[in-house]
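Next up, data.pdb (PDB, C-alpha atoms):
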```pdb
ATOM      1  CA  MET A  20     105.690  76.076  95.133
ATOM      2  CA  THR A  21     102.741  74.583  93.424
ATOM      3  CA  GLU A  22     100.016  76.721  91.971
ATOM      4  CA  ALA A  23      97.761  75.803  94.893
ATOM      5  CA  THR A  24     100.255  77.123  97.450
ATOM      6  CA  SER A  25     101.726  80.043  95.543
ATOM      7  CA  PRO A  26     101.205  83.416  97.193
ATOM      8  CA  PRO A  27      98.580  85.784  95.814
ATOM      9  CA  TYR A  28     101.267  88.419  95.224
ATOM     10  CA  ALA A  29     104.712  87.868  93.680
ATOM     11  CA  ASN A  30     106.469  89.695  96.526
ATOM     12  CA  TRP A  31     105.029  87.396  99.241
ATOM     13  CA  ASN A  32     107.399  84.609 100.286
ATOM     14  CA  TRP A  33     106.158  81.875 102.621
ATOM     15  CA  ARG A  34     108.752  80.167 104.801
ATOM     16  CA  ASP A  35     107.111  76.768 104.434
ATOM     17  CA  ALA A  36     103.513  76.869 103.263
ATOM     18  CA  PRO A  37     100.920  79.634 103.400
ATOM     19  CA  VAL A  38      99.325  80.035 106.804
ATOM     20  CA  GLU A  39      95.595  80.073 107.278
ATOM     21  CA  PRO A  40      94.010  83.528 107.202
ATOM     22  CA  GLY A  41      93.473  85.069 110.624
ATOM     23  CA  ASN A  42      95.375  87.224 113.093
ATOM     24  CA  ILE A  43      99.038  87.961 112.321
ATOM     25  CA  ILE A  44     101.971  89.950 113.697
ATOM     26  CA  LEU A  45     103.788  92.357 111.343
ATOM     27  CA  VAL A  46     107.517  92.930 111.862
ATOM     28  CA  ASP A  47     109.874  95.224 109.976
ATOM     29  CA  VAL A  48     113.355  93.851 109.287
ATOM     30  CA  ASP A  49     116.009  96.597 109.080
ATOM     31  CA  GLY A  50     116.486  98.177 112.490
ATOM     32  CA  VAL A  51     113.933  95.903 114.150
ATOM     33  CA  ILE A  52     115.394  92.391 113.847
ATOM     34  CA  SER A  53     118.559  93.133 111.842
ATOM     35  CA  ASP A  54     121.246  95.574 112.911
ATOM     36  CA  GLY A  55     122.296  97.601 109.898
ATOM     37  CA  THR A  56     124.346 100.185 111.766
ATOM     38  CA  HIS A  57     127.479  99.012 109.896
ATOM     39  CA  ARG A  58     125.847 100.227 106.653
ATOM     40  CA  GLN A  59     124.228 103.373 108.024
ATOM     41  CA  HIS A  60     127.052 105.504 106.588
ATOM     42  CA  PHE A  61     125.523 105.027 103.118
ATOM     43  CA  LEU A  62     122.527 107.087 104.275
ATOM     44  CA  GLU A  63     124.493 109.843 106.004
ATOM     45  CA  GLN A  64     125.410 111.579 102.773
ATOM     46  CA  ASP A  65     123.562 114.413 101.047
ATOM     47  CA  LYS A  66     122.334 111.891  98.471
ATOM     48  CA  LYS A  67     121.379 108.727 100.317
ATOM     49  CA  ASP A  68     122.858 105.597  98.708
ATOM     50  CA  TRP A  69     119.994 103.160  99.265
ATOM     51  CA  THR A  70     121.440 100.681  96.751
ATOM     52  CA  SER A  71     124.641 100.196  98.746
ATOM     53  CA  PHE A  72     122.746 100.306 102.030
ATOM     54  CA  PHE A  73     120.539  97.394 100.985
ATOM     55  CA  GLU A  74     123.254  95.431  99.146
ATOM     56  CA  HIS A  75     125.148  94.940 102.426
ATOM     57  CA  CYS A  76     122.086  93.656 104.334
ATOM     58  CA  ASP A  77     123.352  90.083 104.478
ATOM     59  CA  LYS A  78     126.188  91.177 106.785
ATOM     60  CA  ASP A  79     123.848  92.440 109.527
ATOM     61  CA  ASP A  80     124.031  91.122 113.052
ATOM     62  CA  PRO A  81     120.712  89.947 114.460
ATOM     63  CA  LEU A  82     118.989  92.023 117.110
ATOM     64  CA  VAL A  83     118.526  89.004 119.342
ATOM     65  CA  HIS A  84     116.602  90.673 122.174
ATOM     66  CA  GLN A  85     113.999  92.018 119.784
ATOM     67  CA  MET A  86     113.826  88.668 117.983
ATOM     68  CA  ALA A  87     113.248  86.940 121.319
ATOM     69  CA  MET A  88     110.520  89.414 122.285
ATOM     70  CA  ILE A  89     108.694  88.888 118.983
ATOM     71  CA  SER A  90     109.134  85.108 119.109
ATOM     72  CA  ALA A  91     107.626  85.097 122.622
ATOM     73  CA  PHE A  92     104.171  85.895 121.244
ATOM     74  CA  ASP A  93     101.636  83.091 121.073
ATOM     75  CA  PRO A  94     103.199  80.546 118.668
ATOM     76  CA  THR A  95      99.861  80.141 116.894
ATOM     77  CA  LEU A  96     100.107  83.758 115.693
ATOM     78  CA  PRO A  97     101.940  83.869 112.345
ATOM     79  CA  ILE A  98     104.762  86.370 112.012
ATOM     80  CA  VAL A  99     104.870  88.267 108.725
ATOM     81  CA  LEU A 100     108.076  90.171 108.035
ATOM     82  CA  LEU A 101     107.055  93.310 106.143
ATOM     83  CA  THR A 102     110.065  95.192 104.809
ATOM     84  CA  ALA A 103     110.576  97.958 102.274
ATOM     85  CA  ARG A 104     113.688  96.176 101.027
ATOM     86  CA  PRO A 105     113.581  95.806  97.242
ATOM     87  CA  HIS A 106     112.467  92.413  95.936
ATOM     88  CA  HIS A 107     115.833  91.726  94.261
ATOM     89  CA  LEU A 108     117.180  91.223  97.808
ATOM     90  CA  ARG A 109     114.861  88.247  98.338
ATOM     91  CA  ASP A 110     117.618  85.626  98.232
ATOM     92  CA  LYS A 111     119.981  87.634 100.478
ATOM     93  CA  SER A 112     117.151  88.257 102.926
ATOM     94  CA  LEU A 113     116.038  84.623 103.003
ATOM     95  CA  GLU A 114     119.632  83.436 103.418
ATOM     96  CA  TRP A 115     120.155  85.864 106.334
ATOM     97  CA  LEU A 116     116.900  84.702 107.926
ATOM     98  CA  SER A 117     117.962  81.058 107.589
ATOM     99  CA  ARG A 118     120.917  81.795 109.889
ATOM    100  CA  GLN A 119     118.750  83.360 112.601
ATOM    101  CA  ASP A 120     117.010  81.773 115.554
ATOM    102  CA  MET A 121     113.652  83.440 115.085
ATOM    103  CA  ARG A 122     110.340  82.064 114.010
ATOM    104  CA  TRP A 123     108.659  83.696 111.041
ATOM    105  CA  ASP A 124     106.090  82.595 108.491
ATOM    106  CA  ALA A 125     106.209  85.022 105.576
ATOM    107  CA  LEU A 126     108.488  87.670 104.118
ATOM    108  CA  ILE A 127     106.964  90.495 102.109
ATOM    109  CA  LEU A 128     109.420  92.670 100.197
ATOM    110  CA  ARG A 129     108.874  95.700  97.999
ATOM    111  CA  ASP A 130     107.812  94.469  94.559
ATOM    112  CA  LYS A 131     109.607  95.650  91.401
ATOM    113  CA  ARG A 132     106.692  97.943  90.602
ATOM    114  CA  ASP A 133     106.892  99.540  94.071
ATOM    115  CA  GLY A 134     110.108 101.466  93.428
ATOM    116  CA  THR A 135     108.390 104.841  93.486
ATOM    117  CA  LEU A 136     106.396 104.177  96.650
ATOM    118  CA  ARG A 137     107.744 105.434  99.936
ATOM    119  CA  SER A 138     107.852 102.925 102.772
ATOM    120  CA  PRO A 139     104.556 104.033 104.410
ATOM    121  CA  GLN A 140     102.648 103.805 101.124
ATOM    122  CA  PHE A 141     104.117 100.387 100.322
ATOM    123  CA  LYS A 142     103.358  99.044 103.786
ATOM    124  CA  GLN A 143      99.862 100.537 103.769
ATOM    125  CA  ARG A 144      99.100  98.792 100.490
ATOM    126  CA  SER A 145     100.543  95.566 101.906
ATOM    127  CA  VAL A 146      98.308  95.808 105.002
ATOM    128  CA  ARG A 147      95.295  96.242 102.733
ATOM    129  CA  GLN A 148      96.376  93.290 100.555
ATOM    130  CA  LEU A 149      96.815  91.127 103.645
ATOM    131  CA  ARG A 150      93.349  92.080 104.871
ATOM    132  CA  LYS A 151      91.877  91.354 101.453
ATOM    133  CA  GLN A 152      93.293  87.818 101.776
ATOM    134  CA  GLY A 153      91.791  87.423 105.265
ATOM    135  CA  TYR A 154      94.836  88.254 107.412
ATOM    136  CA  GLU A 155      94.329  90.713 110.270
ATOM    137  CA  PRO A 156      97.403  92.429 111.746
ATOM    138  CA  ILE A 157      96.905  92.661 115.507
ATOM    139  CA  VAL A 158     100.252  94.340 116.242
ATOM    140  CA  SER A 159     103.211  95.640 114.266
ATOM    141  CA  PHE A 160     106.820  96.541 115.045
ATOM    142  CA  ASP A 161     108.616  99.262 113.099
ATOM    143  CA  ASP A 162     111.486 101.717 113.475
ATOM    144  CA  ASP A 163     110.189 104.465 111.168
ATOM    145  CA  GLN A 164     107.814 106.976 112.752
ATOM    146  CA  ARG A 165     106.152 107.500 109.355
ATOM    147  CA  ASN A 166     105.249 103.799 109.283
ATOM    148  CA  VAL A 167     104.085 103.909 112.895
ATOM    149  CA  ALA A 168     101.678 106.732 111.975
ATOM    150  CA  MET A 169     100.453 104.785 108.941
ATOM    151  CA  PHE A 170      99.837 101.634 111.021
ATOM    152  CA  HIS A 171      97.883 103.679 113.547
ATOM    153  CA  ALA A 172      95.845 105.240 110.709
ATOM    154  CA  GLU A 173      95.099 101.686 109.495
ATOM    155  CA  ASP A 174      93.995 100.775 113.048
ATOM    156  CA  VAL A 175      96.973  98.445 113.590
ATOM    157  CA  PRO A 176      98.695  98.909 116.975
ATOM    158  CA  CYS A 177     102.390  99.546 116.415
ATOM    159  CA  VAL A 178     105.354  99.232 118.750
ATOM    160  CA  TYR A 179     108.030 101.769 117.854
ATOM    161  CA  ILE A 180     111.574 100.355 117.960
ATOM    162  CA  HIS A 181     114.229 103.069 118.017
ATOM    163  CA  SER A 182     116.959 101.996 115.594
ATOM    164  CA  GLY A 183     118.727 105.314 115.174
ATOM    165  CA  TYR A 184     118.267 105.136 111.391
ATOM    166  CA  TYR A 185     115.769 107.976 111.319
ATOM    167  CA  GLU A 186     115.769 111.389 112.886
ATOM    168  CA  ALA A 187     113.081 111.822 115.522
TER
END
```

Once you've parsed the file, please lay out its structure as structure tokens.
Amino acid sequence: MTEATSPPYANWNWRDAPVEPGNIILVDVDGVISDGTHRQHFLEQDKKDWTSFFEHCDKDDPLVHQMAMISAFDPTLPIVLLTARPHHLRDKSLEWLSRQDMRWDALILRDKRDGTLRSPQFKQRSVRQLRKQGYEPIVSFDDDQRNVAMFHAEDVPCVYIHSGYYEA
């Protein structure tokens, strides 16, 4: 990327080139478009093994019905994938996405400095950063009720997708 097209934040990854500011759709990855049930066992221990859980993300099957639903939105609306995956999984995530039949425009991962933030705090900050750059989320999709509550508090409608990862 050239300096003129580089994202304003190091953890923003554009698929091709940055999209013009305006309305966007926010979509979580794990449990919303990728099926991580094969790695769920890493989180069913007393001490959750998030490192192993995330390291196996490239083996996920796609959740094709949810991908199709999201892709059915107006094609002029950019899709921003907003995930709490750590930034060191950027290459694995982009490689997995390259194998999928889903449109998307940007991937935002948890930055290195975000390690202490819980998912709702990270995503809330990301929503505010997006708005600061002129992007307005008009709908979001997430599988974590804590994130759903945060999106609602930020006045972003959110569709809850039950993944089974979290207790109700």

- Message: Rounded to one decimal, what separation in Å do you get between CA of Asp65 (chain A) and CA of Ile127 (chain A)?
- Response: 29.1 Å

- Option closest in space to Ala103 (chain A), from A:Asp163, A:Leu149, A:Leu82, A:Phe61 [counting only C-alpha atoms]: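 Closest to Ala103 (chain A) of all the choices is A:Asp163.
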
- Task: Could you tell me which residues the PyMOL selection byres ((chain A and resi 110-124) around 10) returns for this structure, as a VMD selection string?
- Result: chain A and resid 32 to 38 43 to 46 48 52 to 53 73 to 83 85 to 91 94 96 to 100 104 106 to 109 125 to 126 128

- Task: Check which residues satisfy the PyMOL selection byres ((chain A and resi 145) around 10) in the file shown, then give them as a list in words.
- Result: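 Checked against the file, the PyMOL selection byres ((chain A and resi 145) around 10) matches Tyr28, Asn30, Trp31, Leu101, Thr102, Ile127, Leu128, Arg129, Pro139, Gln140, Phe141, Lys142, Gln143, Arg144, Val146, Arg147, Gln148, Leu149, Arg150 and Lys151 of chain A.
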
- Which of these residues is nearest to Phe160 (chain A), using all atoms listed in the file: A:Glu63, A:Pro40, A:Lys131, A:Asp47? A:Asp47

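Pairwise distance (CA of Pro176 (chain A), CA of Ser159 (chain A)) equals 6.2 Å.
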
- Have a look at A:Asn42, A:Pro27, A:His57, A:Thr135 and name the one nearest to Val175 (chain A); count all atoms listed in the file.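 Answer, going by the shortest atom-to-atom distance: A:Asn42.
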
- Tell me, in Å to one decimal, how far CA of Val167 (chain A) is from CA of Tyr179 (chain A).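 Here the two named atoms are 6.7 Å from each other.
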
Provide an axis-aligned box for all listed atoms of region 124-128 of chain A, padding each side by 3 Å; report its centre and its edge lengths in Å to one decimal, as lines of an AutoDock Vina configuration file.
```
center_x = 107.8
center_y = 87.6
center_z = 104.3
size_x = 9.3
size_y = 16.1
size_z = 14.3
```
